[in-house]
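Each remark here refers to the structure printed beneath this line.
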Amino acid sequence: MELPGVALITGAGSGIGAATALAFVQAGCRRLTLADLNSSGLEKTREDIKRHLQSEEAEIVLATGDTTDSVFVDKLVTGIVERFGELNYAVNCAGRLGPWARPTDADLGDHDLTMNVNYRGTYLCNTAEIRAMMKNKATGPEDIPGQRGAIVNIASTLGFNPIPNAPSAAYCASKGAVIALTRANAADYSPEGIRVNCIAPGLVDTPLATRNGDPDAIKGYEPIINMVPMKRWGRPREVADAAVFLCSGRASFVQGHVLVVDGGFTIS
Ligand SMILES: NC(=O)c1ccc[n+]([C@@H]2O[C@H](COP(=O)([O-])OP(=O)(O)OC[C@H]3O[C@@H](n4cnc5c(N)ncnc54)[C@H](O)[C@@H]3O)[C@@H](O)[C@H]2O)c1
């Protein structure tokens with residue numbers, strides 16, 4: 001069992017977050033809280049997990065709410081600790097893409113919303129998750145000093161490698177901020193045995209990227225796919241598996257890392 005503890009996954013109603021929830025269950029996690037704005041997406045993720053589990057039991061709590069709302073986030077995390085006694089892993093996937101526009105053509109409201117969801121939401125979740133994890137009893141084999149929890153934030157290669165005619169500066173800046181937050185929290189909470197890492201996906205086939213499967217949007221990505229050495233979209237599961245690794249004991253010395261999962265896009 002890679003993941004015997006208690007997990008929180010945000011943005012679990014769709015795409016990468018939904019795939020991460022299933023991957024966690026397949027890695028042995030049996031106590032999960034899944035959060036998202038979209039309650040029907042959460043229900044679907046839980047149904048998919050139940051289908052996989054068949055007769056096996058798992059406690060899967062659904063929490064509908066907005067990760068930019070500090071009251072929701074604090075209640076979410078304290079609720080997990082009340083119910084399960086601890087929180088061991090968190091994967092923060094909730095995010096938005098927003099319109100593709102350069103700042104001179106962009107709407108300030110869109111900028112603020114993107115920064116709020118992608119950065120502030122991740123900041124609030126990290127803070128509440130770390131606060132809960134600091135109370136955990138340190139665990140781990142004797143030769144590895146006490147581990148109390150692991151957090152994975154979902155950034156983007158655009159957070160350090162923006163490309164022309166692609167998502168907005170606000171999206172790129174919000175993801176750069178997620179990378180900086182990850183590294184700052186990793187530095188600050190290492191003494192408490194909390195690992196904080198992030199994943200920088202390239203282009204991944206989800207409703208966010210494809211605009212819910214819009215053929216024009218998909219066609220618009222062809223030049224980008226051609227620049228990817230592996231010449232294809234990533235699958236949500238390929239990001240989810242990286243999150244499983246980073247939360248597992250196999251990554252016990254991986255701290256403040258930005259794991260790029262992009263089919264080679266950023267080396268092209
Ligand atoms: N798909 C890609 O190509 C790609 C690439 C790089 C990074 N990412 C990042 O991966 C993460 C997951 O995106 P995805 O592609 O799976 O998209 P998605 O749209 O399929 O899933 C995102 C989920 O986040 C939820 N969400 C949005 N705002 C929220 C909020 N304020 N509170 C709670 N939930 C909220 C949505 O309802 C949705 O279910 C995002 O942070 C995204 O920026 C995606």
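Ordered as shown in the structure tokens, chains take letters A, B, and onward, while each chain numbers its residues from 1 and ligands are numbered from 1 in the order shown.
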
Discussion item. I need the residues of stretch 49-234 of chain A that end up classed as alpha helix (DSSP H) by DSSP on the backbone, written out as a PyMOL selection string.
Written reply: chain A and resi 49-53+70-84+108-114+121-133+169-189+207-210+215-220+222-227

Save out the residues we just selected, C-alpha atoms, as a short mmCIF file (atom, residue, chain, number, x, y, z; two decimals), in the first residue's frame.
```cif
data_model
loop_
_atom_site.label_atom_id
_atom_site.label_comp_id
_atom_site.auth_asym_id
_atom_site.auth_seq_id
_atom_site.Cartn_x
_atom_site.Cartn_y
_atom_site.Cartn_z
CA ILE A 49 -14.09 5.05 -7.73
CA LYS A 50 -16.90 2.79 -6.45
CA ARG A 51 -16.98 0.99 -9.80
CA HIS A 52 -13.28 0.35 -9.44
CA LEU A 53 -13.54 -0.81 -5.83
CA SER A 70 -10.98 30.89 3.53
CA VAL A 71 -14.00 29.91 5.65
CA PHE A 72 -14.78 26.97 3.32
CA VAL A 73 -11.14 25.85 3.24
CA ASP A 74 -10.68 26.01 7.02
CA LYS A 75 -13.93 24.09 7.63
CA LEU A 76 -12.96 21.56 4.96
CA VAL A 77 -9.65 20.75 6.63
CA THR A 78 -10.86 20.86 10.25
CA GLY A 79 -13.76 18.61 9.16
CA ILE A 80 -11.27 16.05 7.80
CA VAL A 81 -9.33 16.03 11.07
CA GLU A 82 -12.56 15.71 13.10
CA ARG A 83 -13.76 12.79 11.00
CA PHE A 84 -10.55 10.88 10.29
CA LEU A 108 -8.84 43.00 -15.03
CA GLY A 109 -11.67 40.99 -13.47
CA ASP A 110 -10.42 37.88 -15.30
CA HIS A 111 -6.91 38.57 -14.08
CA ASP A 112 -8.09 38.84 -10.49
CA LEU A 113 -10.26 35.70 -10.71
CA THR A 114 -7.42 33.65 -12.20
CA GLY A 121 -6.90 29.12 -3.38
CA THR A 122 -3.68 27.09 -3.39
CA TYR A 123 -2.21 29.36 -0.69
CA LEU A 124 -5.28 28.95 1.54
CA CYS A 125 -5.34 25.18 1.05
CA ASN A 126 -1.60 24.83 1.77
CA THR A 127 -1.90 26.89 4.94
CA ALA A 128 -4.86 24.92 6.33
CA GLU A 129 -3.34 21.57 5.26
CA ILE A 130 0.03 22.35 6.84
CA ARG A 131 -1.66 23.52 10.05
CA ALA A 132 -3.43 20.14 10.26
CA MET A 133 -0.36 18.10 9.29
CA ALA A 169 -0.14 36.37 -18.49
CA ALA A 170 -2.37 36.08 -15.42
CA TYR A 171 -2.51 32.27 -15.82
CA CYS A 172 1.28 32.08 -16.28
CA ALA A 173 1.88 34.41 -13.31
CA SER A 174 -0.54 32.50 -11.09
CA LYS A 175 1.29 29.26 -11.83
CA GLY A 176 4.68 30.91 -11.25
CA ALA A 177 3.31 31.99 -7.88
CA VAL A 178 2.25 28.40 -7.12
CA ILE A 179 5.83 27.26 -7.81
CA ALA A 180 7.25 29.97 -5.52
CA LEU A 181 4.70 29.12 -2.81
CA THR A 182 5.63 25.44 -3.04
CA ARG A 183 9.34 26.18 -2.62
CA ALA A 184 8.76 28.67 0.22
CA ASN A 185 6.52 26.24 2.14
CA ALA A 186 8.98 23.39 1.54
CA ALA A 187 11.74 25.52 3.06
CA ASP A 188 9.62 26.72 5.97
CA TYR A 189 8.01 23.41 6.99
CA PRO A 207 -12.17 19.91 -20.06
CA LEU A 208 -10.11 22.91 -18.90
CA ALA A 209 -7.67 22.69 -21.81
CA THR A 210 -10.12 21.52 -24.50
CA PRO A 215 -13.28 20.97 -31.68
CA ASP A 216 -12.01 24.49 -32.54
CA ALA A 217 -10.10 24.70 -29.26
CA ILE A 218 -8.62 21.24 -29.84
CA LYS A 219 -7.60 22.18 -33.38
CA GLY A 220 -6.02 25.38 -32.07
CA GLU A 222 -2.15 21.47 -33.05
CA PRO A 223 0.90 23.78 -33.37
CA ILE A 224 1.65 23.25 -29.68
CA ILE A 225 1.29 19.45 -29.92
CA ASN A 226 3.70 19.57 -32.85
CA MET A 227 6.25 21.26 -30.58
#
```

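The protein and nucleic acid residues lying at most 6 Å from A:Thr33 are Leu8, Ile60, Val61 and Leu62 of chain A, with only C-alpha atoms considered and sequence neighbours fewer than 2 positions away removed.
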
Practice prompt. Name each residue within 6 Å of ligand 1, counting only C-alpha atoms and all ligand atoms, as JSON, numbers by chain.
Written response: {"A": [11, 12, 13, 14, 15, 16, 17, 36, 37, 38, 65, 66, 67, 68, 93, 94, 95, 96, 97, 117, 154, 155, 156, 201, 202, 203, 204, 205, 206, 207, 208, 209]}

Export N, CA, C and O atoms of the chosen residues as a CSV table (one decimal), in the first residue's frame?
```
chain,number,residue,atom,x,y,z
A,11,GLY,N,-10.4,20.1,-6.6
A,11,GLY,CA,-10.6,20.1,-8.1
A,11,GLY,C,-10.8,18.7,-8.5
A,11,GLY,O,-10.6,18.3,-9.7
A,12,ALA,N,-11.4,17.9,-7.6
A,12,ALA,CA,-11.6,16.4,-7.9
A,12,ALA,C,-12.8,16.1,-8.7
A,12,ALA,O,-13.1,15.0,-8.9
A,13,GLY,N,-13.5,17.2,-9.1
A,13,GLY,CA,-14.8,16.9,-9.9
A,13,GLY,C,-14.5,16.8,-11.4
A,13,GLY,O,-15.4,16.6,-12.2
A,14,SER,N,-13.2,16.8,-11.8
A,14,SER,CA,-13.0,16.8,-13.2
A,14,SER,C,-11.5,16.6,-13.5
A,14,SER,O,-10.6,16.7,-12.5
A,15,GLY,N,-11.1,16.2,-14.7
A,15,GLY,CA,-9.7,16.2,-15.2
A,15,GLY,C,-8.7,15.6,-14.3
A,15,GLY,O,-8.8,14.4,-13.8
A,16,ILE,N,-7.7,16.3,-14.0
A,16,ILE,CA,-6.5,15.8,-13.2
A,16,ILE,C,-6.9,15.5,-11.8
A,16,ILE,O,-6.4,14.5,-11.3
A,17,GLY,N,-7.7,16.3,-11.2
A,17,GLY,CA,-8.2,16.0,-9.8
A,17,GLY,C,-8.9,14.7,-9.7
A,17,GLY,O,-8.7,13.9,-8.8
A,36,ASP,N,-14.6,20.4,-4.6
A,36,ASP,CA,-14.8,21.0,-5.9
A,36,ASP,C,-15.9,22.0,-5.9
A,36,ASP,O,-16.8,21.8,-5.0
A,37,LEU,N,-16.0,23.0,-6.8
A,37,LEU,CA,-17.1,23.8,-6.9
A,37,LEU,C,-18.3,23.0,-7.5
A,37,LEU,O,-19.5,23.4,-7.2
A,38,ASN,N,-18.0,22.0,-8.3
A,38,ASN,CA,-19.0,21.3,-9.1
A,38,ASN,C,-19.4,20.0,-8.4
A,38,ASN,O,-18.7,19.0,-8.4
A,65,GLY,N,-17.6,23.4,-2.7
A,65,GLY,CA,-17.3,24.7,-2.2
A,65,GLY,C,-16.1,25.3,-3.0
A,65,GLY,O,-15.5,24.7,-3.9
A,66,ASP,N,-15.8,26.5,-2.6
A,66,ASP,CA,-14.9,27.4,-3.4
A,66,ASP,C,-13.6,27.5,-2.6
A,66,ASP,O,-13.5,28.0,-1.5
A,67,THR,N,-12.5,27.1,-3.2
A,67,THR,CA,-11.2,27.1,-2.5
A,67,THR,C,-10.6,28.5,-2.3
A,67,THR,O,-9.6,28.6,-1.7
A,68,THR,N,-11.3,29.5,-2.9
A,68,THR,CA,-10.8,30.9,-2.7
A,68,THR,C,-11.4,31.4,-1.4
A,68,THR,O,-11.1,32.5,-1.0
A,93,CYS,N,-5.6,20.6,-6.9
A,93,CYS,CA,-5.7,20.7,-8.3
A,93,CYS,C,-6.7,21.7,-8.8
A,93,CYS,O,-6.7,22.0,-10.0
A,94,ALA,N,-7.5,22.3,-7.9
A,94,ALA,CA,-8.5,23.3,-8.3
A,94,ALA,C,-7.8,24.4,-9.1
A,94,ALA,O,-6.9,25.0,-8.6
A,95,GLY,N,-8.3,24.7,-10.3
A,95,GLY,CA,-7.7,25.8,-11.1
A,95,GLY,C,-8.6,26.2,-12.2
A,95,GLY,O,-9.6,25.5,-12.5
A,96,ARG,N,-8.3,27.4,-12.8
A,96,ARG,CA,-9.0,27.9,-14.0
A,96,ARG,C,-8.0,28.3,-15.0
A,96,ARG,O,-6.9,28.8,-14.6
A,97,LEU,N,-8.4,28.3,-16.2
A,97,LEU,CA,-7.6,28.7,-17.3
A,97,LEU,C,-7.9,30.2,-17.7
A,97,LEU,O,-7.0,31.0,-17.9
A,117,VAL,N,-8.2,32.1,-7.9
A,117,VAL,CA,-8.4,30.6,-7.9
A,117,VAL,C,-7.1,29.9,-7.9
A,117,VAL,O,-6.9,29.0,-7.0
A,154,ILE,N,-0.6,21.7,-8.0
A,154,ILE,CA,-0.6,21.6,-9.5
A,154,ILE,C,-0.3,23.0,-10.1
A,154,ILE,O,-1.1,23.9,-10.0
A,155,ALA,N,0.9,23.1,-10.6
A,155,ALA,CA,1.3,24.4,-11.3
A,155,ALA,C,1.1,24.2,-12.8
A,155,ALA,O,0.1,23.7,-13.2
A,156,SER,N,2.1,24.6,-13.6
A,156,SER,CA,2.0,24.4,-15.0
A,156,SER,C,3.4,24.7,-15.6
A,156,SER,O,4.1,25.6,-15.0
A,201,PRO,N,2.4,20.3,-15.2
A,201,PRO,CA,2.0,19.6,-16.4
A,201,PRO,C,2.2,20.5,-17.6
A,201,PRO,O,2.1,21.7,-17.6
A,202,GLY,N,2.4,19.8,-18.8
A,202,GLY,CA,2.3,20.4,-20.1
A,202,GLY,C,0.8,20.3,-20.5
A,202,GLY,O,-0.1,20.4,-19.6
A,203,LEU,N,0.6,20.1,-21.8
A,203,LEU,CA,-0.8,20.1,-22.2
A,203,LEU,C,-1.4,18.7,-21.9
A,203,LEU,O,-0.9,17.7,-22.3
A,204,VAL,N,-2.5,18.8,-21.1
A,204,VAL,CA,-3.2,17.5,-20.7
A,204,VAL,C,-4.6,17.6,-21.1
A,204,VAL,O,-5.3,18.6,-21.0
A,205,ASP,N,-5.1,16.5,-21.6
A,205,ASP,CA,-6.5,16.4,-22.2
A,205,ASP,C,-7.5,16.4,-21.1
A,205,ASP,O,-7.9,15.3,-20.6
A,206,THR,N,-8.0,17.6,-20.8
A,206,THR,CA,-9.0,17.7,-19.8
A,206,THR,C,-10.0,18.8,-20.3
A,206,THR,O,-9.7,19.6,-21.2
A,207,PRO,N,-11.2,18.9,-19.6
A,207,PRO,CA,-12.2,19.9,-20.1
A,207,PRO,C,-11.6,21.3,-20.0
A,207,PRO,O,-12.0,22.2,-20.8
A,208,LEU,N,-10.7,21.6,-19.0
A,208,LEU,CA,-10.1,22.9,-18.9
A,208,LEU,C,-9.4,23.3,-20.2
A,208,LEU,O,-9.5,24.4,-20.7
A,209,ALA,N,-8.5,22.4,-20.7
A,209,ALA,CA,-7.7,22.7,-21.8
A,209,ALA,C,-8.5,22.7,-23.1
A,209,ALA,O,-8.3,23.5,-24.0
```

Worksheet entry | Contact residues around stretch 193-199 of chain A with only C-alpha atoms at 6 Å, ignoring same-chain residues under 3 positions, as a PyMOL selection string | chain A and resi 146-155+182+186+189-190+255-260

Worksheet entry | strand (DSSP E or B) residues, from DSSP on the backbone, in stretch 40-187 of chain A, as a PyMOL selection string | chain A and resi 59-64+89-92+139+147+149-154

Using all heavy atoms, can you export the residues from the last selection as a short mmCIF file (atom, residue, chain, number, x, y, z; two decimals), in the first residue's frame?
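Ended up saving to part.cif:
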```cif
data_model
loop_
_atom_site.label_atom_id
_atom_site.label_comp_id
_atom_site.auth_asym_id
_atom_site.auth_seq_id
_atom_site.Cartn_x
_atom_site.Cartn_y
_atom_site.Cartn_z
N GLU A 59 -14.00 5.21 2.51
CA GLU A 59 -14.76 6.37 2.98
C GLU A 59 -14.41 7.54 2.09
O GLU A 59 -13.27 8.03 2.13
CB GLU A 59 -14.38 6.69 4.43
CG GLU A 59 -15.03 5.79 5.44
CD GLU A 59 -14.66 6.24 6.84
OE1 GLU A 59 -15.29 7.14 7.39
OE2 GLU A 59 -13.69 5.66 7.36
N ILE A 60 -15.37 7.98 1.30
CA ILE A 60 -15.11 9.09 0.38
C ILE A 60 -16.09 10.22 0.69
O ILE A 60 -17.30 10.09 0.45
CB ILE A 60 -15.24 8.63 -1.09
CG1 ILE A 60 -14.23 7.51 -1.35
CG2 ILE A 60 -14.99 9.79 -2.04
CD1 ILE A 60 -14.45 6.78 -2.63
N VAL A 61 -15.57 11.29 1.23
CA VAL A 61 -16.40 12.44 1.61
C VAL A 61 -16.34 13.47 0.48
O VAL A 61 -15.25 13.77 -0.02
CB VAL A 61 -15.87 13.06 2.92
CG1 VAL A 61 -16.66 14.30 3.29
CG2 VAL A 61 -15.88 12.04 4.04
N LEU A 62 -17.50 13.98 0.08
CA LEU A 62 -17.54 15.02 -0.95
C LEU A 62 -17.78 16.37 -0.30
O LEU A 62 -18.64 16.49 0.58
CB LEU A 62 -18.65 14.72 -1.96
CG LEU A 62 -18.62 13.34 -2.63
CD1 LEU A 62 -19.71 13.23 -3.69
CD2 LEU A 62 -17.25 13.06 -3.25
N ALA A 63 -17.05 17.39 -0.74
CA ALA A 63 -17.21 18.74 -0.18
C ALA A 63 -17.34 19.73 -1.33
O ALA A 63 -16.37 19.96 -2.07
CB ALA A 63 -16.01 19.09 0.69
N THR A 64 -18.55 20.28 -1.49
CA THR A 64 -18.76 21.25 -2.56
C THR A 64 -18.47 22.64 -2.02
O THR A 64 -19.05 23.04 -0.99
CB THR A 64 -20.22 21.18 -3.05
OG1 THR A 64 -20.48 19.85 -3.45
CG2 THR A 64 -20.45 22.12 -4.24
N TYR A 89 -2.12 13.51 3.24
CA TYR A 89 -1.72 13.91 1.89
C TYR A 89 -2.74 14.90 1.35
O TYR A 89 -3.94 14.73 1.58
CB TYR A 89 -1.71 12.73 0.89
CG TYR A 89 -1.39 11.39 1.48
CD1 TYR A 89 -2.40 10.44 1.65
CD2 TYR A 89 -0.10 11.07 1.87
CE1 TYR A 89 -2.12 9.19 2.19
CE2 TYR A 89 0.18 9.83 2.42
CZ TYR A 89 -0.83 8.90 2.58
OH TYR A 89 -0.56 7.68 3.12
N ALA A 90 -2.26 15.88 0.60
CA ALA A 90 -3.18 16.81 -0.07
C ALA A 90 -2.65 17.09 -1.48
O ALA A 90 -1.44 17.35 -1.66
CB ALA A 90 -3.29 18.10 0.72
N VAL A 91 -3.55 17.02 -2.44
CA VAL A 91 -3.20 17.38 -3.82
C VAL A 91 -4.14 18.50 -4.24
O VAL A 91 -5.36 18.33 -4.29
CB VAL A 91 -3.32 16.17 -4.78
CG1 VAL A 91 -2.80 16.55 -6.16
CG2 VAL A 91 -2.55 14.97 -4.24
N ASN A 92 -3.57 19.66 -4.51
CA ASN A 92 -4.37 20.86 -4.79
C ASN A 92 -4.45 21.08 -6.29
O ASN A 92 -3.53 21.63 -6.90
CB ASN A 92 -3.73 22.05 -4.07
CG ASN A 92 -3.72 21.83 -2.57
OD1 ASN A 92 -4.78 21.60 -1.98
ND2 ASN A 92 -2.56 21.86 -1.95
N THR A 139 5.89 9.86 11.58
CA THR A 139 5.98 8.43 11.27
C THR A 139 7.14 8.18 10.33
O THR A 139 7.83 9.11 9.91
CB THR A 139 4.69 7.93 10.58
OG1 THR A 139 4.51 8.74 9.42
CG2 THR A 139 3.49 8.01 11.48
N GLN A 147 8.16 11.97 9.38
CA GLN A 147 7.41 12.57 8.28
C GLN A 147 6.00 12.83 8.80
O GLN A 147 5.41 11.95 9.42
CB GLN A 147 7.34 11.58 7.12
CG GLN A 147 8.67 11.00 6.70
CD GLN A 147 9.12 11.51 5.35
OE1 GLN A 147 8.32 11.72 4.44
NE2 GLN A 147 10.40 11.75 5.22
N GLY A 149 3.53 14.74 6.72
CA GLY A 149 2.54 14.90 5.66
C GLY A 149 3.20 15.32 4.35
O GLY A 149 4.37 15.72 4.32
N ALA A 150 2.43 15.19 3.28
CA ALA A 150 2.95 15.56 1.96
C ALA A 150 1.88 16.31 1.18
O ALA A 150 0.72 15.88 1.14
CB ALA A 150 3.37 14.30 1.20
N ILE A 151 2.29 17.42 0.58
CA ILE A 151 1.39 18.25 -0.22
C ILE A 151 1.92 18.33 -1.64
O ILE A 151 3.13 18.46 -1.85
CB ILE A 151 1.29 19.67 0.39
CG1 ILE A 151 0.64 19.59 1.77
CG2 ILE A 151 0.54 20.63 -0.53
CD1 ILE A 151 0.62 20.90 2.53
N VAL A 152 1.01 18.23 -2.61
CA VAL A 152 1.38 18.43 -4.02
C VAL A 152 0.48 19.52 -4.59
O VAL A 152 -0.76 19.42 -4.53
CB VAL A 152 1.22 17.12 -4.83
CG1 VAL A 152 1.46 17.38 -6.31
CG2 VAL A 152 2.18 16.06 -4.32
N ASN A 153 1.09 20.56 -5.10
CA ASN A 153 0.34 21.62 -5.78
C ASN A 153 0.45 21.40 -7.29
O ASN A 153 1.49 20.94 -7.78
CB ASN A 153 0.92 22.98 -5.41
CG ASN A 153 0.77 23.27 -3.93
OD1 ASN A 153 -0.28 22.97 -3.36
ND2 ASN A 153 1.79 23.83 -3.31
N ILE A 154 -0.62 21.74 -8.00
CA ILE A 154 -0.55 21.60 -9.46
C ILE A 154 -0.28 22.98 -10.07
O ILE A 154 -1.13 23.88 -10.02
CB ILE A 154 -1.84 20.98 -10.05
CG1 ILE A 154 -2.17 19.64 -9.36
CG2 ILE A 154 -1.67 20.78 -11.55
CD1 ILE A 154 -1.14 18.52 -9.52
#
```
